[in-house]
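What follows is the content of data-v5.csv, which has CSV, C-alpha atoms:
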```csv
chain,number,residue,atom,x,y,z
A,831,LYS,CA,95.9,125.7,88.2
A,832,ALA,CA,93.2,123.6,86.5
A,833,THR,CA,90.4,121.4,87.6
A,834,VAL,CA,90.1,117.9,86.3
A,835,SER,CA,87.6,115.1,86.8
A,836,VAL,CA,88.8,111.5,86.6
A,837,LEU,CA,86.2,108.9,86.0
A,838,ASN,CA,86.2,105.1,86.2
A,839,CYS,CA,87.5,103.1,83.3
A,840,SER,CA,84.7,101.8,81.1
A,841,HIS,CA,86.7,100.1,78.3
A,842,THR,CA,88.6,96.9,77.8
A,843,GLN,CA,92.3,97.3,77.1
A,844,LYS,CA,94.5,94.4,76.0
A,845,GLY,CA,91.9,91.8,77.0
A,846,VAL,CA,91.6,93.1,80.6
A,847,ASP,CA,88.1,93.2,81.8
A,848,ALA,CA,86.8,96.7,82.6
A,849,ALA,CA,85.2,95.5,85.8
A,850,PHE,CA,88.6,94.2,86.9
A,851,VAL,CA,90.2,97.6,86.0
A,852,ASN,CA,87.5,99.5,88.0
A,853,ARG,CA,87.6,97.1,91.0
A,854,VAL,CA,91.4,96.6,91.2
A,855,LEU,CA,93.4,99.1,89.2
A,856,VAL,CA,91.4,102.3,89.7
A,857,PRO,CA,91.2,102.0,93.5
A,858,LYS,CA,94.9,101.1,93.6
A,859,THR,CA,95.7,104.4,91.9
A,860,GLU,CA,93.1,106.3,94.0
A,861,ALA,CA,92.5,108.3,90.9
A,862,VAL,CA,88.7,108.4,91.1
A,863,VAL,CA,88.7,111.9,92.5
A,864,MET,CA,86.4,114.6,91.5
A,865,SER,CA,87.3,118.3,91.4
A,866,THR,CA,91.0,117.8,91.7
A,867,THR,CA,93.4,120.8,91.4
A,868,VAL,CA,96.3,120.1,89.1
A,869,LEU,CA,99.3,122.0,90.5
A,870,PHE,CA,101.9,121.0,87.9
A,871,LYS,CA,102.1,118.6,84.9
A,872,GLY,CA,104.3,117.3,82.2
A,873,TYR,CA,106.3,114.4,80.9
A,874,LEU,CA,109.0,112.6,83.0
A,875,ASN,CA,110.8,109.3,82.6
A,876,LYS,CA,110.1,106.8,85.3
A,877,LEU,CA,112.2,103.8,86.2
A,878,GLY,CA,110.0,100.7,86.7
A,879,GLU,CA,110.0,99.0,90.1
A,880,VAL,CA,109.9,95.4,88.9
A,881,ASN,CA,110.8,95.8,85.2
A,882,LYS,CA,113.8,98.0,85.5
A,883,GLN,CA,113.2,99.9,82.3
A,884,TRP,CA,112.6,103.6,81.7
A,885,LYS,CA,109.1,104.6,80.6
A,886,LYS,CA,108.1,108.0,79.5
A,887,ARG,CA,104.9,109.0,81.4
A,888,TYR,CA,102.7,112.0,81.7
A,889,PHE,CA,102.6,113.2,85.3
A,890,GLU,CA,100.2,115.5,87.2
A,891,LEU,CA,100.8,116.8,90.7
A,892,VAL,CA,97.3,117.0,92.0
A,893,VAL,CA,95.5,117.9,95.3
A,894,PRO,CA,92.0,116.6,95.7
A,895,GLN,CA,89.4,118.8,97.4
A,896,LYS,CA,89.8,116.7,100.6
A,897,GLY,CA,93.6,117.2,100.5
A,898,GLY,CA,96.4,114.6,100.3
A,899,ALA,CA,98.7,115.6,97.4
A,900,ARG,CA,99.3,112.9,94.8
A,901,LEU,CA,101.6,112.4,91.8
A,902,VAL,CA,99.4,110.7,89.2
A,903,TYR,CA,100.9,109.3,86.1
A,904,TYR,CA,99.5,108.2,82.7
A,905,ARG,CA,100.8,106.5,79.6
A,906,GLN,CA,99.3,109.4,77.7
A,907,PRO,CA,97.3,112.5,78.8
A,908,GLY,CA,93.5,111.8,78.8
A,909,GLU,CA,94.0,108.0,79.5
A,910,SER,CA,93.2,106.2,82.7
A,911,PRO,CA,96.0,106.6,85.2
A,912,SER,CA,98.7,104.0,85.3
A,913,GLY,CA,99.5,104.7,88.9
A,914,SER,CA,99.8,107.4,91.6
A,915,VAL,CA,102.1,108.2,94.4
A,916,ASN,CA,101.0,109.7,97.8
A,917,VAL,CA,103.5,112.6,98.1
A,918,GLU,CA,102.1,114.0,101.3
A,919,ASN,CA,104.7,112.3,103.4
A,920,ALA,CA,107.4,112.1,100.8
A,921,PHE,CA,110.6,114.0,100.2
A,922,THR,CA,112.2,114.8,96.9
A,923,GLN,CA,115.9,115.0,96.2
A,924,VAL,CA,118.3,115.3,93.2
A,925,SER,CA,119.6,111.9,92.2
A,926,SER,CA,123.2,111.2,93.3
A,927,ASP,CA,123.6,108.9,90.2
A,928,PRO,CA,126.0,110.8,87.8
A,929,LEU,CA,124.5,108.7,84.9
A,930,LEU,CA,121.1,110.3,85.4
A,931,PRO,CA,121.2,113.8,84.0
A,932,HIS,CA,118.2,115.8,85.4
A,933,GLY,CA,117.4,112.8,87.6
A,934,PHE,CA,115.6,113.1,90.9
A,935,GLU,CA,114.0,110.8,93.5
A,936,VAL,CA,110.6,110.9,95.2
A,937,VAL,CA,111.1,109.0,98.5
A,938,THR,CA,108.0,107.7,100.2
A,939,PRO,CA,107.7,105.5,103.2
A,940,ASN,CA,107.0,102.5,100.8
A,941,ARG,CA,109.2,103.1,97.8
A,942,THR,CA,111.7,105.4,96.1
A,943,TYR,CA,110.5,106.6,92.6
A,944,ILE,CA,113.4,107.4,90.3
A,945,LEU,CA,112.5,110.0,87.7
A,946,THR,CA,114.2,112.1,85.0
A,947,ALA,CA,113.2,115.4,83.5
A,948,SER,CA,114.0,116.7,80.0
A,949,SER,CA,116.1,119.6,81.4
A,950,GLN,CA,117.7,120.9,84.5
A,951,GLU,CA,115.1,123.6,84.6
A,952,LYS,CA,112.2,121.1,84.5
A,953,MET,CA,113.8,119.0,87.1
A,954,GLU,CA,114.2,122.0,89.4
A,955,GLN,CA,110.5,123.0,88.8
A,956,TRP,CA,109.3,119.5,89.7
A,957,ILE,CA,111.4,119.3,92.8
A,958,ALA,CA,110.2,122.8,93.9
A,959,GLU,CA,106.5,121.8,93.4
A,960,LEU,CA,106.8,118.5,95.1
A,961,THR,CA,108.7,120.0,98.0
A,962,LYS,CA,105.9,122.6,98.4
A,963,VAL,CA,103.2,120.0,98.8
A,964,SER,CA,105.2,117.7,101.1
A,965,ALA,CA,106.4,120.7,103.1
A,966,VAL,CA,102.8,121.8,103.7
A,967,SER,CA,101.9,118.4,104.9
A,968,MET,CA,105.0,118.1,107.1
A,969,GLU,CA,104.2,121.6,108.5
A,970,ASN,CA,100.6,120.5,109.3
A,971,GLU,CA,101.9,117.4,111.0
A,972,LEU,CA,104.5,119.4,113.0
A,973,PHE,CA,101.8,121.8,114.1
A,974,GLY,CA,99.6,118.9,115.1
A,975,GLN,CA,102.4,117.4,117.2
A,976,LEU,CA,103.1,120.8,118.7
A,977,GLU,CA,99.5,121.2,119.7
A,978,ASN,CA,99.6,117.7,121.3
A,979,VAL,CA,102.7,118.6,123.3
A,980,ILE,CA,101.2,121.9,124.5
A,981,SER,CA,97.9,120.2,125.4
A,982,ASP,CA,99.8,117.5,127.3
A,983,ALA,CA,101.9,120.1,129.1
A,984,GLU,CA,98.8,122.1,130.0
A,985,THR,CA,97.0,119.0,131.3
A,986,ARG,CA,100.0,118.1,133.5
A,987,LYS,CA,100.2,121.6,134.8
A,988,LEU,CA,96.5,121.6,135.7
A,989,GLU,CA,96.9,118.2,137.3
A,990,ALA,CA,99.8,119.5,139.3
A,991,LEU,CA,97.9,122.6,140.4
A,992,ASN,CA,94.9,120.5,141.4
A,993,GLY,CA,97.2,118.1,143.3
A,994,SER,CA,98.8,120.9,145.2
A,995,GLN,CA,95.4,122.4,146.0
A,996,SER,CA,94.2,119.1,147.3
A,997,LYS,CA,97.3,118.9,149.5
A,998,ASP,CA,96.6,122.5,150.8
A,999,GLU,CA,93.0,121.6,151.5
A,1000,HIS,CA,94.1,118.4,153.4
A,1001,ALA,CA,96.6,120.5,155.4
A,1002,ALA,CA,93.9,123.1,156.2
A,1003,ASP,CA,91.5,120.3,157.2
A,1004,ALA,CA,94.2,118.8,159.4
A,1005,ASN,CA,94.9,122.3,161.0
A,1006,ASP,CA,91.1,122.7,161.7
A,1007,ALA,CA,91.0,119.3,163.3
A,1008,ASP,CA,93.9,120.2,165.6
A,1009,SER,CA,92.2,123.4,166.8
```

Could you take the file, read its structure, and then write that structure out as structure tokens?
Amino acid sequence: KATVSVLNCSHTQKGVDAAFVNRVLVPKTEAVVMSTTVLFKGYLNKLGEVNKQWKKRYFELVVPQKGGARLVYYRQPGESPSGSVNVENAFTQVSSDPLLPHGFEVVTPNRTYILTASSQEKMEQWIAELTKVSAVSMENELFGQLENVISDAETRKLEALNGSQSKDEHAADANDADS
């Protein structure tokens, strides 16, 4: 595990204004994160969403100090990020496409990312690491839901007890009035 600091872009690339990059692209990737723990890293091939071509990208599975695991990718290590994927609520699966050896998919609520690794072993490592971070977030979400269910049940039980006590008090008051 390593710690990395990603800073705002301060250069102009292919005629793109650095202010534009910092205002639009960097926030889009949410990569301006200090003290980020890198859990896993390496090269993968990514199928483009619009331009359906394969691009080799350097990926880092990171967890910022404040949580929220992300899969950040770069054209080359050390460059500004090309993009990032919130993998907290994602699931990862082996690709069912027989034409994609070592292919896998990262399925998020917004998009399915199709990736390939250089070997079966690397693919399995990526899937295992991605599953760990998404399983942790799913586990936290399930515990939160469970706590809400328990809290609601306890509230209803207390309300029911208070309701029956009120009825008992009214019955006692009625008996006193009859005497």

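Comparing A:Glu909, A:Thr922, A:Arg941, A:Lys896 by their smallest distance to Gly878 of chain A, the closest is A:Arg941 (using only C-alpha atoms).
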
Q: Work out how far apart atom CA of Arg900 of chain A and atom CA of Leu976 of chain A are and give it in Å to one decimal.
A: 25.5 Å

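Comparing A:Leu874, A:Asn940, A:Asn881, A:Val893 by their smallest distance to Lys962 of chain A, the closest is A:Val893 (using all atoms listed in the file).
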
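For Leu960 of chain A, the non-local neighbours within 8 Å, defined as residues at least 4 positions apart in the same chain or in other chains and counting only C-alpha atoms, are Leu891, Val917, Phe921, Thr922, Trp956 and Ser964 of chain A.
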
File of the preceding selection, C-alpha atoms, as a PDB file, keeping the file's coordinate frame:
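part00.pdb, written as the output of this step:
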```pdb
ATOM      1  CA  LEU A 891     100.800 116.800  90.700  1.00  0.00           C
ATOM      2  CA  VAL A 917     103.500 112.600  98.100  1.00  0.00           C
ATOM      3  CA  PHE A 921     110.600 114.000 100.200  1.00  0.00           C
ATOM      4  CA  THR A 922     112.200 114.800  96.900  1.00  0.00           C
ATOM      5  CA  TRP A 956     109.300 119.500  89.700  1.00  0.00           C
ATOM      6  CA  SER A 964     105.200 117.700 101.100  1.00  0.00           C
TER       7      SER A 964
END
```

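With only C-alpha atoms as the atoms that count, the residue of A:Phe870, A:Glu989, A:Glu879, A:Glu984 with the shortest distance to Ile957 of chain A is A:Phe870.
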
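Remark: for Tyr943 of chain A, the closest of the candidate residues A:Tyr873, A:Ser925, A:Asp982, A:Thr961 is A:Ser925 (distances computed over only C-alpha atoms).
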
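Note that atom CA of Thr866 of chain A and atom CA of Thr946 of chain A are 24.8 Å apart.
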
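Across the structure, atom CA of Val915 of chain A and atom CA of Ser948 of chain A are spaced 20.5 Å apart.
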